[in-house]
>>> print(open('data12.cif').read())   # mmCIF, C-alpha atoms and all ligand atoms
data_target
loop_
_atom_site.label_atom_id
_atom_site.label_comp_id
_atom_site.auth_asym_id
_atom_site.auth_seq_id
_atom_site.Cartn_x
_atom_site.Cartn_y
_atom_site.Cartn_z
CA MET A 1468 93.65 168.87 81.32
CA THR A 1469 95.81 166.76 79.04
CA ARG A 1470 94.58 165.56 75.73
CA GLY A 1471 97.93 163.95 74.98
CA PHE A 1472 98.92 166.63 72.49
CA ILE A 1473 102.57 166.95 71.50
CA ASP A 1474 104.00 170.30 70.38
CA LEU A 1475 106.98 169.90 68.03
CA HIS A 1476 107.73 173.60 67.64
CA CYS A 1477 107.81 176.13 70.48
CA HIS A 1478 110.01 179.01 71.62
CA PHE A 1479 109.67 178.85 75.41
CA VAL A 1480 113.42 178.85 76.18
CA PRO A 1481 114.09 182.46 77.23
CA GLY A 1482 116.75 184.88 76.10
CA ILE A 1483 118.12 182.92 73.15
CA ASP A 1484 116.11 184.20 70.16
CA ASP A 1485 112.83 186.04 69.52
CA GLY A 1486 110.98 183.65 71.82
CA ALA A 1487 110.17 184.03 75.53
CA ARG A 1488 111.89 187.10 77.00
CA ASP A 1489 112.36 185.73 80.51
CA VAL A 1490 111.78 182.64 82.63
CA GLU A 1491 108.29 183.79 83.69
CA GLU A 1492 107.21 184.11 80.07
CA GLY A 1493 108.65 180.70 79.22
CA ILE A 1494 106.73 179.14 82.11
CA ALA A 1495 103.54 181.01 81.12
CA ILE A 1496 103.78 179.59 77.56
CA LEU A 1497 104.15 176.06 78.92
CA ARG A 1498 101.32 176.55 81.40
CA ALA A 1499 98.96 177.79 78.68
CA LEU A 1500 99.88 174.90 76.37
CA GLY A 1501 99.31 172.47 79.24
CA ALA A 1502 95.86 173.98 79.83
CA LEU A 1503 95.10 173.45 76.16
CA GLY A 1504 95.87 169.74 76.37
CA PHE A 1505 99.58 169.47 75.53
CA GLU A 1506 101.43 166.86 77.58
CA ARG A 1507 104.75 167.25 75.80
CA VAL A 1508 106.37 170.40 74.37
CA ILE A 1509 109.67 170.32 72.50
CA ALA A 1510 111.72 173.50 72.67
CA THR A 1511 112.86 174.58 69.22
CA PRO A 1512 114.91 177.78 69.63
CA HIS A 1513 116.35 179.18 66.41
CA MET A 1514 119.68 178.18 64.94
CA ARG A 1515 120.02 180.79 62.20
CA PRO A 1516 123.46 182.22 61.35
CA GLY A 1517 123.48 186.01 61.11
CA LEU A 1518 120.20 186.44 62.95
CA PHE A 1519 120.25 184.03 65.88
CA ASP A 1520 123.86 182.85 66.05
CA ASN A 1521 123.20 179.89 68.31
CA THR A 1522 125.37 176.81 68.30
CA ARG A 1523 124.17 173.55 69.73
CA ALA A 1524 126.18 174.26 72.90
CA ASP A 1525 124.50 177.68 73.31
CA LEU A 1526 121.05 176.13 73.08
CA GLU A 1527 121.95 173.30 75.42
CA ARG A 1528 123.27 175.79 77.96
CA ALA A 1529 120.13 177.97 77.78
CA TYR A 1530 117.86 174.95 78.12
CA ALA A 1531 119.88 173.54 81.05
CA SER A 1532 119.64 176.82 82.93
CA LEU A 1533 115.85 176.87 82.48
CA ALA A 1534 115.34 173.25 83.58
CA PRO A 1535 115.58 173.83 87.37
CA GLU A 1536 112.93 176.57 87.07
CA LEU A 1537 110.49 174.07 85.53
CA ALA A 1538 111.11 171.29 88.02
CA GLY A 1539 108.30 170.54 90.44
CA ARG A 1540 105.69 172.54 88.51
CA ALA A 1541 102.59 171.09 86.87
CA LEU A 1542 103.74 171.70 83.31
CA PRO A 1543 104.00 169.61 80.14
CA GLN A 1544 107.13 167.47 79.78
CA THR A 1545 109.82 169.21 77.81
CA ALA A 1546 112.83 168.35 75.69
CA LEU A 1547 115.27 170.30 73.56
CA SER A 1548 115.61 170.46 69.81
CA SER A 1549 116.00 173.40 67.42
CA GLU A 1550 114.42 175.17 64.48
CA HIS A 1551 117.24 174.89 61.94
CA TYR A 1552 117.44 177.57 59.28
CA PHE A 1553 118.32 175.67 56.14
CA ASP A 1554 121.48 177.38 54.86
CA ASP A 1555 124.89 175.86 54.06
CA VAL A 1556 126.23 176.37 57.57
CA VAL A 1557 123.30 174.71 59.33
CA TYR A 1558 123.03 171.93 56.75
CA GLU A 1559 126.70 171.14 57.39
CA ARG A 1560 125.93 171.04 61.14
CA LEU A 1561 123.11 168.60 60.50
CA LEU A 1562 125.54 166.34 58.66
CA SER A 1563 128.30 166.63 61.24
CA ASP A 1564 126.31 166.00 64.40
CA ALA A 1565 126.50 169.66 65.46
CA ALA A 1566 122.77 170.33 65.12
CA LEU A 1567 119.83 169.49 67.37
CA PRO A 1568 117.44 167.02 65.78
CA TYR A 1569 114.37 165.92 67.74
CA PRO A 1570 114.96 163.62 70.74
CA GLY A 1571 116.09 160.26 69.41
CA GLY A 1572 117.77 161.91 66.44
CA ARG A 1573 115.36 160.56 63.83
CA ALA A 1574 113.88 163.86 62.57
CA ALA A 1575 114.87 167.54 62.44
CA LEU A 1576 112.84 170.73 62.18
CA LEU A 1577 113.88 172.93 59.23
CA GLU A 1578 112.80 176.41 58.23
CA PHE A 1579 113.49 178.09 54.91
CA TYR A 1580 114.04 181.42 53.25
CA GLU A 1581 110.55 182.94 52.92
CA ILE A 1582 110.52 183.23 49.12
CA ASP A 1583 111.41 179.79 47.87
CA PHE A 1584 112.97 176.45 48.68
CA PRO A 1585 116.69 176.28 47.80
CA PRO A 1586 117.61 174.59 44.49
CA MET A 1587 119.61 171.82 46.18
CA ILE A 1588 116.79 170.86 48.51
CA ASP A 1589 115.96 167.49 46.93
CA ARG A 1590 119.55 166.29 47.12
CA CYS A 1591 120.01 167.60 50.67
CA PHE A 1592 116.80 165.96 51.87
CA ALA A 1593 117.81 162.67 50.27
CA GLU A 1594 121.15 162.86 52.09
CA LEU A 1595 119.44 163.57 55.42
CA ARG A 1596 117.10 160.63 54.87
CA ARG A 1597 120.07 158.42 54.02
CA ARG A 1598 121.52 159.35 57.41
CA GLY A 1599 118.28 158.47 59.18
CA ILE A 1600 117.04 162.03 59.70
CA LEU A 1601 113.52 162.84 58.54
CA PRO A 1602 113.37 166.46 57.30
CA VAL A 1603 110.39 168.28 58.89
CA ILE A 1604 109.41 171.43 56.99
CA ALA A 1605 108.29 174.20 59.38
CA HIS A 1606 105.22 176.26 58.43
CA PRO A 1607 105.08 175.54 54.66
CA GLU A 1608 102.02 177.83 54.47
CA ARG A 1609 104.26 180.85 55.07
CA TYR A 1610 106.63 180.37 52.11
CA ARG A 1611 105.68 182.40 49.07
CA CYS A 1612 106.32 179.55 46.65
CA SER A 1613 103.48 177.65 48.39
CA TRP A 1614 101.12 180.60 47.85
CA LYS A 1615 101.36 180.23 44.08
CA SER A 1616 101.39 176.47 43.83
CA LEU A 1617 101.72 173.46 46.09
CA ASP A 1618 103.69 171.53 43.46
CA ALA A 1619 107.09 171.96 45.14
CA LEU A 1620 105.70 171.00 48.53
CA GLU A 1621 103.94 167.98 47.08
CA ARG A 1622 107.15 166.86 45.37
CA LEU A 1623 109.06 167.10 48.66
CA VAL A 1624 106.35 165.23 50.56
CA ASP A 1625 106.25 162.54 47.85
CA ALA A 1626 110.00 162.14 48.29
CA GLY A 1627 109.47 161.52 52.00
CA ALA A 1628 109.68 164.90 53.75
CA ALA A 1629 107.28 165.82 56.56
CA THR A 1630 105.40 169.09 57.06
CA LEU A 1631 104.34 170.89 60.21
CA LEU A 1632 101.41 173.33 60.28
CA ASP A 1633 101.69 176.47 62.39
CA THR A 1634 98.19 176.18 63.84
CA ALA A 1635 97.73 179.93 64.27
CA ALA A 1636 98.00 180.36 60.49
CA LEU A 1637 94.41 179.08 60.37
CA THR A 1638 93.21 182.07 62.38
CA GLY A 1639 94.79 184.57 59.98
CA LYS A 1640 97.72 185.44 62.26
CA TYR A 1641 100.03 185.77 59.25
CA GLY A 1642 97.46 187.17 56.84
CA ARG A 1643 94.83 185.85 54.50
CA VAL A 1644 97.10 184.23 51.94
CA PRO A 1645 98.97 181.99 54.41
CA GLN A 1646 95.61 181.18 56.02
CA ARG A 1647 94.11 180.10 52.70
CA THR A 1648 97.31 178.22 51.83
CA ALA A 1649 97.12 176.35 55.15
CA GLU A 1650 93.53 175.38 54.38
CA LEU A 1651 94.52 174.12 50.94
CA ILE A 1652 97.43 172.10 52.32
CA LEU A 1653 95.05 170.60 54.90
CA GLU A 1654 92.47 169.79 52.26
CA GLN A 1655 95.12 168.05 50.19
CA GLY A 1656 96.26 166.02 53.18
CA LEU A 1657 99.82 167.33 52.94
CA TYR A 1658 100.30 168.10 56.65
CA HIS A 1659 101.72 165.45 58.93
CA ALA A 1660 101.45 167.32 62.23
CA ALA A 1661 100.62 170.73 63.70
CA CYS A 1662 102.40 172.85 66.30
CA SER A 1663 102.11 176.06 68.33
CA ASP A 1664 105.27 177.91 67.22
CA ALA A 1665 104.46 179.98 70.32
CA HIS A 1666 106.87 182.84 71.08
CA ARG A 1667 104.72 184.57 73.74
CA PRO A 1668 102.03 183.35 76.17
CA ARG A 1669 99.36 185.22 74.19
CA ASP A 1670 100.19 183.17 71.06
CA VAL A 1671 98.60 180.14 72.73
CA ALA A 1672 95.12 181.71 72.51
CA GLU A 1673 95.46 181.72 68.72
CA VAL A 1674 96.61 178.12 68.77
CA ALA A 1675 93.42 177.30 70.72
CA ARG A 1676 91.32 179.03 68.07
CA GLY A 1677 93.22 177.22 65.32
CA ILE A 1678 92.52 173.85 66.96
CA GLU A 1679 88.81 174.75 67.19
CA ARG A 1680 88.84 175.60 63.53
CA ILE A 1681 90.43 172.27 62.58
CA GLN A 1682 87.79 170.55 64.69
CA GLN A 1683 84.94 172.44 63.00
CA LEU A 1684 86.23 171.98 59.45
CA TYR A 1685 87.75 168.52 59.59
CA GLY A 1686 86.59 166.88 62.83
CA ASP A 1687 88.16 165.33 65.93
CA ASP A 1688 90.08 162.71 63.96
CA GLU A 1689 92.07 165.40 62.19
CA VAL A 1690 92.90 167.05 65.54
CA GLU A 1691 94.15 163.70 66.84
CA LEU A 1692 96.20 163.11 63.74
CA LEU A 1693 97.83 166.54 63.78
CA PHE A 1694 98.48 166.83 67.52
CA ILE A 1695 98.97 163.22 68.69
CA ASP A 1696 99.58 160.53 66.06
CA GLY A 1697 101.42 162.78 63.62
CA PRO A 1698 103.92 164.21 66.11
CA ARG A 1699 104.52 160.74 67.54
CA ALA A 1700 105.27 159.33 64.10
CA LEU A 1701 107.63 162.19 63.24
CA LEU A 1702 109.55 161.70 66.50
CA ASP A 1703 109.95 158.09 65.37
CA GLY A 1704 111.33 159.32 62.06
CA LYS A 1705 108.22 158.15 60.20
CA LEU A 1706 105.33 159.73 58.37
CA PRO A 1707 101.92 159.03 59.96
CA ASP A 1708 99.69 156.50 58.15
FE FE B 1 109.47 178.95 65.04
#
>>> encode(input="data12.cif", output="structure tokens")
Amino acid sequence: MTRGFIDLHCHFVPGIDDGARDVEEGIAILRALGALGFERVIATPHMRPGLFDNTRADLERAYASLAPELAGRALPQTALSSEHYFDDVVYERLLSDAALPYPGGRAALLEFYEIDFPPMIDRCFAELRRRGILPVIAHPERYRCSWKSLDALERLVDAGAATLLDTAALTGKYGRVPQRTAELILEQGLYHAACSDAHRPRDVAEVARGIERIQQLYGDDEVELLFIDGPRALLDGKLPD
């Protein structure tokens, strides 16, 4: 069953971070996402110095060794990108072509320190935009600064950054405050797309519940925006209309 959904954030590549632990688990994640209606799933293993010390070459190698295992199976299409932890080292990689933006190179997934956005963020985002890379903020509902106020997020979105909802946040997977924050960001129309951020096959059940919740609260159009039109626009380096 494909509904044409596109997942811009998923950890199905095994053995490279805290995502899938082996090939079987990676395949099970993709199979479950396919059953939920995803036709395309972008792998976004972590690039996070000190925690997941992956270079672009490491991630490319891991993805290439998984590819033959996926061939010939009825699974969503896949491609490789990365979830870039936004520190000096990774920012420098983004500027020097040593990172892994989304296919086409027009947008890149960025995650942040959980407390706050870094002070230089506006200047860094402007520089990325100047180079044709749309910054995509991963799970803004999980950062503590968003729990107190959405001002910083709104400022970044106004300046042209994109945001990606972790769908399972809407089911309370990360607690009540991130859940409520996700609802507020949705109500304010500050999300451009939604994703699974699945690390294990069982995570996909919560994504399914999150999608149902979006449908109940905001209707089918919102589901289409967050899982089809939004991801497509971001892959094009644009914000959805
Ligand atoms: Fe992630």
>>> residues_near_ligand(input="data12.cif", ligand="ligand FE 1 (chain B)", cutoff="12 Å", atoms="only C-alpha atoms and all ligand atoms", output="PyMOL selection string")
chain A and resi 1474-1480+1484-1487+1509-1515+1519+1548-1552+1576-1579+1604-1607+1609+1631-1635+1662-1667+1670
>>> write_last_selection(input="data12.cif", atoms="C-alpha atoms", output="tab-separated table (two decimals), in the frame of the given file")
chain	number	residue	atom	x	y	z
A	1474	ASP	CA	104.00	170.30	70.38
A	1475	LEU	CA	106.98	169.90	68.03
A	1476	HIS	CA	107.73	173.60	67.64
A	1477	CYS	CA	107.81	176.13	70.48
A	1478	HIS	CA	110.01	179.01	71.62
A	1479	PHE	CA	109.67	178.85	75.41
A	1480	VAL	CA	113.42	178.85	76.18
A	1484	ASP	CA	116.11	184.20	70.16
A	1485	ASP	CA	112.83	186.04	69.52
A	1486	GLY	CA	110.98	183.65	71.82
A	1487	ALA	CA	110.17	184.03	75.53
A	1509	ILE	CA	109.67	170.32	72.50
A	1510	ALA	CA	111.72	173.50	72.67
A	1511	THR	CA	112.86	174.58	69.22
A	1512	PRO	CA	114.91	177.78	69.63
A	1513	HIS	CA	116.35	179.18	66.41
A	1514	MET	CA	119.68	178.18	64.94
A	1515	ARG	CA	120.02	180.79	62.20
A	1519	PHE	CA	120.25	184.03	65.88
A	1548	SER	CA	115.61	170.46	69.81
A	1549	SER	CA	116.00	173.40	67.42
A	1550	GLU	CA	114.42	175.17	64.48
A	1551	HIS	CA	117.24	174.89	61.94
A	1552	TYR	CA	117.44	177.57	59.28
A	1576	LEU	CA	112.84	170.73	62.18
A	1577	LEU	CA	113.88	172.93	59.23
A	1578	GLU	CA	112.80	176.41	58.23
A	1579	PHE	CA	113.49	178.09	54.91
A	1604	ILE	CA	109.41	171.43	56.99
A	1605	ALA	CA	108.29	174.20	59.38
A	1606	HIS	CA	105.22	176.26	58.43
A	1607	PRO	CA	105.08	175.54	54.66
A	1609	ARG	CA	104.26	180.85	55.07
A	1631	LEU	CA	104.34	170.89	60.21
A	1632	LEU	CA	101.41	173.33	60.28
A	1633	ASP	CA	101.69	176.47	62.39
A	1634	THR	CA	98.19	176.18	63.84
A	1635	ALA	CA	97.73	179.93	64.27
A	1662	CYS	CA	102.40	172.85	66.30
A	1663	SER	CA	102.11	176.06	68.33
A	1664	ASP	CA	105.27	177.91	67.22
A	1665	ALA	CA	104.46	179.98	70.32
A	1666	HIS	CA	106.87	182.84	71.08
A	1667	ARG	CA	104.72	184.57	73.74
A	1670	ASP	CA	100.19	183.17	71.06
>>> residues_around(input="data12.cif", residues="region 1583-1589 of chain A", least_positions_apart="5", cutoff="7 Å", atoms="only C-alpha atoms", output="list of chain:residue names")
A:Tyr1610, A:Arg1611, A:Cys1612
>>> write_last_selection(input="data12.cif", atoms="C-alpha atoms", output="PDB file, in the coordinates of the input")
ATOM      1  CA  TYR A1610     106.630 180.370  52.110  1.00  0.00           C
ATOM      2  CA  ARG A1611     105.680 182.400  49.070  1.00  0.00           C
ATOM      3  CA  CYS A1612     106.320 179.550  46.650  1.00  0.00           C
TER       4      CYS A1612
END
>>> residues_around(input="data12.cif", residues="Thr1648 (chain A)", least_positions_apart="5", cutoff="10 Å", atoms="only C-alpha atoms", output="ChimeraX atom specification")
/A:1607-1611,1613-1617,1636-1637,1643,1653-1654
>>> residues_around(input="data12.cif", residues="Pro1602 (chain A)", least_positions_apart="3", cutoff="6 Å", atoms="all atoms listed in the file", output="PyMOL selection string")
chain A and resi 1574-1575+1628
>>> closest_residue(input="data12.cif", among="A:Asp1554, A:Arg1680, A:Ala1541, A:Leu1547", to="Gly1572 (chain A)", atoms="only C-alpha atoms")
A:Leu1547
>>> atom_distance(input="data12.cif", atom1="CA of Leu1562 (chain A)", atom2="CA of Leu1623 (chain A)")
19.3 Å
>>> closest_residue(input="data12.cif", among="A:Val1603, A:Leu1561, A:Val1508, A:Val1671", to="Ala1700 (chain A)", atoms="all atoms listed in the file")
A:Val1603
>>> atom_distance(input="data12.cif", atom1="CA of Ile1695 (chain A)", atom2="CA of Asp1525 (chain A)")
29.7 Å
>>> residues_around(input="data12.cif", residues="Phe1472 (chain A)", least_positions_apart="4", cutoff="9 Å", atoms="all atoms listed in the file", output="PyMOL selection string")
chain A and resi 1501+1503-1508+1691+1693-1696+1698
>>> axis_aligned_box(input="data12.cif", around="region 1594-1607 of chain A", padding_each_side="8 Å", output="lines of an AutoDock Vina configuration file")
center_x = 113.3
center_y = 167.3
center_z = 55.9
size_x = 32.4
size_y = 33.8
size_z = 23.6
>>> closest_residue(input="data12.cif", among="A:Val1624, A:Ala1502, A:Leu1684, A:Ile1473", to="Ala1593 (chain A)", atoms="all atoms listed in the file")
A:Val1624
>>> atom_distance(input="data12.cif", atom1="CA of Gln1655 (chain A)", atom2="CA of Glu1581 (chain A)")
21.6 Å
>>> residues_around(input="data12.cif", residues="Gly1656 (chain A)", least_positions_apart="2", cutoff="12 Å", atoms="all atoms listed in the file", output="list in words")
Leu1617, Leu1620, Glu1621, Val1624, Asp1625, Ala1629, Thr1630, Leu1631, Leu1632, Ala1649, Glu1650, Leu1651, Ile1652, Leu1653, Glu1654, Tyr1658, His1659, Ala1660, Tyr1685, Glu1689, Leu1692, Leu1693, Pro1707 and Asp1708 of chain A
>>> closest_residue(input="data12.cif", among="A:Glu1491, A:Pro1516, A:Pro1481, A:Arg1598", to="Ala1531 (chain A)", atoms="all atoms listed in the file")
A:Pro1481
>>> closest_residue(input="data12.cif", among="A:Ile1582, A:Ala1529, A:Cys1591, A:Ala1619", to="Val1557 (chain A)", atoms="only C-alpha atoms")
A:Cys1591
>>> closest_residue(input="data12.cif", among="A:Ile1496, A:Asp1687, A:Val1490, A:Gly1642", to="Arg1669 (chain A)", atoms="all atoms listed in the file")
A:Ile1496
